[in-house]
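Note: the block below is target.txt and it holds compact mmCIF, C-alpha atoms.
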# COMPACT_ATOMS: atom_id res chain seq x y z
CA MET A 432 171.13 99.18 88.07
CA ASP A 433 174.48 100.95 87.83
CA SER A 434 176.93 99.21 85.51
CA ALA A 435 179.75 101.65 86.33
CA GLU A 436 179.61 100.78 90.02
CA PHE A 437 180.19 97.08 89.36
CA ASP A 438 182.70 97.64 86.56
CA ARG A 439 184.76 99.54 89.13
CA PHE A 440 184.92 96.60 91.53
CA ALA A 441 184.97 93.71 89.05
CA ARG A 442 188.66 92.77 89.32
CA GLU A 443 188.77 92.99 93.11
CA TYR A 444 185.27 91.68 93.76
CA ASP A 445 186.34 88.32 95.22
CA GLN A 446 188.98 89.85 97.46
CA LEU A 447 186.56 92.43 98.86
CA LEU A 448 183.90 89.80 99.39
CA ARG A 449 186.37 87.56 101.22
CA GLN A 450 187.19 90.38 103.59
CA ALA A 451 183.53 91.16 104.21
CA VAL A 452 182.49 87.59 105.05
CA ALA A 453 185.56 86.82 107.18
CA VAL A 454 183.47 87.49 110.28
CA THR A 455 181.56 84.25 109.58
CA GLY A 456 184.73 82.15 109.49
CA GLU A 457 183.92 81.01 105.94
CA GLY A 458 185.21 82.04 102.52
CA PRO A 459 183.01 83.23 99.67
CA GLU A 460 183.09 79.79 98.04
CA PHE A 461 181.10 78.33 100.93
CA PHE A 462 178.25 80.79 100.33
CA HIS A 463 178.30 80.45 96.54
CA GLU A 464 178.01 76.67 96.75
CA TYR A 465 175.46 76.78 99.57
CA LYS A 466 172.97 78.70 97.46
CA ILE A 467 173.20 76.43 94.44
CA ARG A 468 173.09 73.30 96.59
CA GLU A 469 169.93 74.62 98.25
CA LEU A 470 168.48 75.50 94.87
CA ALA A 471 169.10 71.92 93.72
CA ARG A 472 167.47 70.57 96.89
CA LEU A 473 164.42 72.77 96.30
CA ALA A 474 164.19 71.58 92.69
CA ARG A 475 164.31 67.94 93.84
CA GLU A 476 161.58 68.58 96.41
CA ARG A 477 159.35 69.99 93.68
CA LYS A 478 160.35 67.27 91.18
CA PHE A 479 161.58 70.06 88.96
CA HIS A 480 164.27 69.22 86.37
CA PRO A 481 165.35 72.40 84.54
CA ASP A 482 166.98 72.16 81.13
CA THR A 483 167.66 75.91 80.97
CA ILE A 484 168.70 78.20 83.84
CA LEU A 485 169.19 81.97 84.04
CA ASP A 486 171.59 83.48 86.59
CA PHE A 487 170.37 87.09 86.90
CA GLY A 488 173.19 89.32 88.10
CA SER A 489 175.79 86.63 87.43
CA GLY A 490 178.72 89.00 87.90
CA VAL A 491 182.17 87.41 87.62
CA GLY A 492 180.65 83.92 87.47
CA ASN A 493 181.06 82.79 91.06
CA SER A 494 177.99 80.55 90.90
CA THR A 495 178.94 78.98 87.56
CA PRO A 496 181.04 76.02 88.78
CA TYR A 497 178.34 75.06 91.25
CA PHE A 498 175.62 75.19 88.62
CA ARG A 499 177.80 72.85 86.58
CA ARG A 500 178.14 70.56 89.61
CA TYR A 501 174.51 70.46 90.75
CA PHE A 502 172.76 70.92 87.38
CA PRO A 503 175.28 69.26 85.05
CA SER A 504 172.94 68.78 82.10
CA ALA A 505 171.30 72.22 82.15
CA GLN A 506 172.16 75.03 79.74
CA LEU A 507 173.25 78.03 81.80
CA ALA A 508 172.97 81.70 80.87
CA GLY A 509 174.23 84.65 82.88
CA ALA A 510 173.11 88.26 82.62
CA ASP A 511 174.61 91.32 84.28
CA VAL A 512 174.80 95.08 83.83
CA SER A 513 178.60 95.00 84.23
CA GLN A 514 180.36 94.15 80.97
CA ARG A 515 183.71 93.99 82.75
CA SER A 516 182.35 91.40 85.18
CA LEU A 517 181.03 89.30 82.31
CA GLU A 518 184.41 89.43 80.57
CA ILE A 519 186.06 88.14 83.74
CA ALA A 520 183.45 85.38 84.01
CA GLU A 521 184.24 84.26 80.45
CA GLU A 522 187.97 84.26 81.23
CA ARG A 523 187.43 82.13 84.33
CA PHE A 524 184.91 79.67 82.91
CA PRO A 525 185.16 79.62 79.12
CA GLU A 526 182.17 77.96 77.43
CA ALA A 527 180.57 77.07 80.79
CA ALA A 528 177.72 79.54 80.25
CA THR A 529 176.33 82.05 77.79
CA VAL A 530 176.76 85.54 79.26
CA LEU A 531 175.04 88.69 78.02
CA GLN A 532 174.97 92.27 79.22
CA ILE A 533 171.71 93.81 80.43
CA GLN A 534 171.09 97.05 78.53
CA ASP A 535 168.18 99.44 78.17
CA ASP A 536 166.45 98.00 81.24
CA ARG A 537 165.56 94.76 79.50
CA LEU A 538 166.84 91.22 79.87
CA PRO A 539 168.50 90.18 76.58
CA PHE A 540 166.41 87.03 76.07
CA PRO A 541 163.15 86.14 74.32
CA ASP A 542 159.99 85.42 76.28
CA HIS A 543 159.82 82.06 78.09
CA SER A 544 163.51 81.24 77.50
CA PHE A 545 164.21 79.51 80.83
CA ASP A 546 162.83 76.74 82.99
CA MET A 547 164.41 78.26 86.09
CA SER A 548 165.59 81.77 86.98
CA PHE A 549 167.88 82.52 89.90
CA SER A 550 169.44 85.54 91.55
CA ALA A 551 171.92 85.70 94.44
CA CYS A 552 172.11 88.88 96.53
CA VAL A 553 171.40 91.21 93.62
CA PHE A 554 168.10 92.85 94.49
CA HIS A 555 169.49 94.87 97.40
CA HIS A 556 171.54 96.71 94.75
CA ILE A 557 168.41 97.56 92.76
CA PRO A 558 166.30 100.52 93.92
CA HIS A 559 163.31 99.09 95.72
CA ASP A 560 160.85 100.94 93.52
CA GLU A 561 162.28 99.02 90.53
CA HIS A 562 161.87 95.54 92.04
CA VAL A 563 158.43 94.90 90.57
CA TYR A 564 159.69 95.83 87.11
CA TRP A 565 162.69 93.47 87.24
CA LEU A 566 160.63 90.68 88.77
CA GLY A 567 158.28 91.18 85.83
CA GLU A 568 161.19 90.90 83.41
CA LEU A 569 162.27 87.67 85.10
CA ARG A 570 158.71 86.39 84.78
CA ARG A 571 158.72 87.32 81.08
CA VAL A 572 161.81 85.21 80.33
CA THR A 573 160.74 82.27 82.55
CA ARG A 574 158.42 79.74 80.93
CA VAL A 575 154.93 79.08 82.24
CA GLY A 576 155.37 76.51 85.00
CA GLY A 577 158.94 77.67 85.56
CA MET A 578 160.44 78.73 88.88
CA LEU A 579 162.23 81.80 90.22
CA THR A 580 164.38 81.70 93.37
CA ILE A 581 166.03 84.80 94.82
CA PHE A 582 168.51 84.72 97.70
CA GLU A 583 168.92 87.90 99.70
CA HIS A 584 170.67 89.12 102.85
CA ASN A 585 168.51 89.11 105.98
CA PRO A 586 168.47 92.58 107.59
CA LEU A 587 167.50 91.00 110.93
CA ASN A 588 170.78 89.10 111.23
CA PRO A 589 173.58 91.14 112.91
CA LEU A 590 176.47 89.28 111.23
CA THR A 591 174.89 89.87 107.85
CA VAL A 592 174.38 93.56 108.52
CA ARG A 593 177.99 93.87 109.67
CA ALA A 594 179.28 92.15 106.53
CA VAL A 595 177.21 94.41 104.27
CA ASN A 596 178.21 97.57 106.14
CA THR A 597 181.92 96.79 105.76
CA CYS A 598 181.83 95.78 102.08
CA PRO A 599 182.81 98.57 99.64
CA PHE A 600 180.60 97.38 96.78
CA ASP A 601 177.60 97.35 99.14
CA GLU A 602 178.01 101.03 100.01
CA ASN A 603 174.86 101.96 98.08
CA ALA A 604 172.91 98.80 98.94
CA HIS A 605 169.59 98.76 100.78
CA LEU A 606 168.64 95.46 102.40
CA ILE A 607 165.17 94.06 101.80
CA ARG A 608 162.85 92.55 104.35
CA PRO A 609 161.39 89.20 103.28
CA LYS A 610 157.79 90.42 103.49
CA GLN A 611 158.62 93.30 101.17
CA LEU A 612 160.22 91.03 98.59
CA ILE A 613 157.27 88.63 98.75
CA GLU A 614 154.90 91.53 98.14
CA HIS A 615 156.94 92.59 95.11
CA TYR A 616 156.77 89.02 93.77
CA ARG A 617 152.99 89.12 94.02
CA LYS A 618 152.67 92.52 92.39
CA SER A 619 154.72 91.33 89.42
CA GLY A 620 152.50 88.29 88.88
CA TRP A 621 154.47 85.42 90.44
CA TYR A 622 152.34 82.72 92.02
CA ALA A 623 152.51 81.65 95.69
CA PRO A 624 155.93 83.01 96.73
CA GLU A 625 157.40 81.16 99.70
CA VAL A 626 160.29 82.19 101.94
CA ARG A 627 162.86 80.02 103.67
CA PHE A 628 165.67 81.21 105.94
CA HIS A 629 169.25 79.93 105.71
CA LEU A 630 172.74 80.21 107.20
CA PHE A 631 172.13 80.33 110.94
CA PHE A 632 175.52 79.22 112.25
CA PRO A 633 179.04 80.61 111.66
CA ARG A 634 181.94 78.25 111.15
CA GLN A 635 182.65 78.15 114.88
CA LEU A 636 179.25 76.47 115.34
CA SER A 637 179.30 74.42 112.14
CA GLY A 638 178.41 71.26 114.07
CA LEU A 639 174.93 72.72 114.52
CA ARG A 640 174.32 73.17 110.80
CA VAL A 641 172.54 69.81 110.64
CA LEU A 642 169.69 71.62 112.40
CA GLU A 643 169.21 74.19 109.64
CA ARG A 644 166.75 72.01 107.73
CA TYR A 645 164.35 72.48 110.67
CA LEU A 646 164.85 76.24 110.99
CA GLY A 647 163.65 77.44 107.61
CA GLY A 648 160.70 79.28 109.14
CA VAL A 649 162.78 81.10 111.78
CA PRO A 650 163.47 84.64 110.48
CA LEU A 651 166.98 84.95 111.92
CA GLY A 652 169.19 83.22 109.34
CA GLY A 653 171.93 85.20 107.64
CA GLN A 654 170.13 84.95 104.32
CA TYR A 655 166.72 83.97 103.00
CA ALA A 656 165.36 82.67 99.72
CA VAL A 657 162.01 83.43 98.10
CA SER A 658 160.73 81.00 95.47
CA ALA A 659 157.64 81.16 93.26
CA ILE A 660 156.12 79.72 90.09
CA ASN A 661 155.15 81.46 86.87
CA ARG A 662 151.53 80.47 86.34
CA GLY A 663 151.23 82.51 83.17

How does the structure come out when it is put into structure tokens?
Amino acid sequence: MDSAEFDRFAREYDQLLRQAVAVTGEGPEFFHEYKIRELARLARERKFHPDTILDFGSGVGNSTPYFRRYFPSAQLAGADVSQRSLEIAEERFPEAATVLQIQDDRLPFPDHSFDMSFSACVFHHIPHDEHVYWLGELRRVTRVGGMLTIFEHNPLNPLTVRAVNTCPFDENAHLIRPKQLIEHYRKSGWYAPEVRFHLFFPRQLSGLRVLERYLGGVPLGGQYAVSAINRG
């Protein structure tokens, strides 16, 4: 992962993201909250109550306020390669999370530190041949019985592809097909990865969003999430 690339965009990250997602009719805040709300729903479904959560690739902290809203009692840690992004996150949300820089290709946490690990649209910035390694690192720092959920852009959705292609900090990104990410989960030792698709309707069709709960198996949503358990 290239720290210099994200240091370069750290201050203007939110503005660039807002421009990229304008085609959907929503602002970045909608997508940040959506992911954490869905993560909380998944945790409730599995009767999973995490006390410690890792946000892998936490950047400038855009998910932090929503973690505080939907997991108010959990201890939150963020990790990112971009020191400048982490500094901005600390400025925006002082004392809301512990943030540490990823260095030397290793997550800066002891084994089994977290009940839940999470990542939002980070893996398409990581070379695909490194996915198994980083999934293994996430498994190392997630306790036995803990859960990992990764949200990624769906390369089969035209609005998503357009947003990625027009976003400057995605210029070196390579989107990942769900089946490929699931295979990487398995190779790194995660148990029973499951995929669910999300974000089918732009703002203009927001009245149809009540249907999304029934569309999780339809591979056309703007994003998808893969979840799995660390069985040790």

Quiz prompt | Selected residue, from A:Leu485, A:Ala471, A:Ala659, A:Leu612, that lies nearest to Phe502 of chain A when counting all atoms listed in the file | solution =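 The answer is A:Ala471, which sits nearest to Phe502 of chain A.
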
Exercise. Using all atoms listed in the file, collect all residues at a distance of at most 6 Å from (183.7, 81.2, 86.9) as written in the file, then present them as a PyMOL selection string.
Key: chain A and resi 492-493+495+520+523-524

Quiz item: Taking (169.7, 89.4, 82.0) in the file's coordinates, which residues come within 12 Å, counting all atoms listed in the file, written as an MDAnalysis selection string?
Solution: chainID A and resid 432 484:490 507:514 517 529:542 544:545 548:550 553 565:566 568:573

Write the residues you've just listed into a file as a short mmCIF file (atom, residue, chain, number, x, y, z; two decimals), keeping the file's coordinate frame, and include C-alpha atoms for each of them.
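See result.cif below for the written result:
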data_model
loop_
_atom_site.label_atom_id
_atom_site.label_comp_id
_atom_site.auth_asym_id
_atom_site.auth_seq_id
_atom_site.Cartn_x
_atom_site.Cartn_y
_atom_site.Cartn_z
CA MET A 432 171.13 99.18 88.07
CA ILE A 484 168.70 78.20 83.84
CA LEU A 485 169.19 81.97 84.04
CA ASP A 486 171.59 83.48 86.59
CA PHE A 487 170.37 87.09 86.90
CA GLY A 488 173.19 89.32 88.10
CA SER A 489 175.79 86.63 87.43
CA GLY A 490 178.72 89.00 87.90
CA LEU A 507 173.25 78.03 81.80
CA ALA A 508 172.97 81.70 80.87
CA GLY A 509 174.23 84.65 82.88
CA ALA A 510 173.11 88.26 82.62
CA ASP A 511 174.61 91.32 84.28
CA VAL A 512 174.80 95.08 83.83
CA SER A 513 178.60 95.00 84.23
CA GLN A 514 180.36 94.15 80.97
CA LEU A 517 181.03 89.30 82.31
CA THR A 529 176.33 82.05 77.79
CA VAL A 530 176.76 85.54 79.26
CA LEU A 531 175.04 88.69 78.02
CA GLN A 532 174.97 92.27 79.22
CA ILE A 533 171.71 93.81 80.43
CA GLN A 534 171.09 97.05 78.53
CA ASP A 535 168.18 99.44 78.17
CA ASP A 536 166.45 98.00 81.24
CA ARG A 537 165.56 94.76 79.50
CA LEU A 538 166.84 91.22 79.87
CA PRO A 539 168.50 90.18 76.58
CA PHE A 540 166.41 87.03 76.07
CA PRO A 541 163.15 86.14 74.32
CA ASP A 542 159.99 85.42 76.28
CA SER A 544 163.51 81.24 77.50
CA PHE A 545 164.21 79.51 80.83
CA SER A 548 165.59 81.77 86.98
CA PHE A 549 167.88 82.52 89.90
CA SER A 550 169.44 85.54 91.55
CA VAL A 553 171.40 91.21 93.62
CA TRP A 565 162.69 93.47 87.24
CA LEU A 566 160.63 90.68 88.77
CA GLU A 568 161.19 90.90 83.41
CA LEU A 569 162.27 87.67 85.10
CA ARG A 570 158.71 86.39 84.78
CA ARG A 571 158.72 87.32 81.08
CA VAL A 572 161.81 85.21 80.33
CA THR A 573 160.74 82.27 82.55
#

Quiz item: Do you know which residues are at most 6 Å from Gly653 of chain A counting only C-alpha atoms, after dropping those on the same chain fewer than 2 positions away, and could you put them as JSON, numbers by chain?
Solution: {"A": [585, 588, 591, 630, 631]}

Practice problem: Can you work out which one of A:Tyr497, A:Tyr622, A:Tyr465, A:Phe479 has the shortest atom-to-atom distance to Ala656 of chain A, counting all atoms listed in the file? | Solution: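 Closest residue, counting all atoms listed in the file: A:Tyr465.
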
Quiz prompt | Shortest interatomic distance to His556 of chain A - which of A:His605, A:Arg593, A:Arg500, A:Arg515, counting all atoms listed in the file | solution =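 Using all atoms listed in the file, the shortest distance to His556 of chain A belongs to A:His605.
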
Practice problem: Please measure the separation of atom CA of Arg640 of chain A and atom CA of Glu583 of chain A, giving the value in Å to one decimal. | Solution: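 Computed distance, atom CA of Arg640 of chain A to atom CA of Glu583 of chain A, equals 19.2 Å.
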
Exercise. Have a look at atom CA of His584 of chain A and atom CA of Ile607 of chain A and let me know their distance in Å, one decimal.
Key: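 Interatomic distance here is 7.5 Å.
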
Quiz item: Closest to Gly567 of chain A among A:Arg472, A:His463, A:Lys618, A:His543, using only C-alpha atoms?
Solution: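 Selected residue with least distance to Gly567 of chain A: A:Lys618.
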
Self-check item: Using all atoms listed in the file: which of A:Ile557, A:Pro589, A:Leu642, A:Ser494 has the shortest distance to Ala527 of chain A
Solution: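 Selected residue with least distance to Ala527 of chain A: A:Ser494.
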
Quiz prompt | Proximity to Val657 of chain A - best of A:Glu469, A:Glu476, A:Glu643, A:Glu460, all atoms listed in the file | solution = A:Glu469

Self-check item: For atom CA of Gly576 of chain A and atom CA of Glu561 of chain A, the interatomic separation in Å (one decimal)
Solution: 24.2 Å
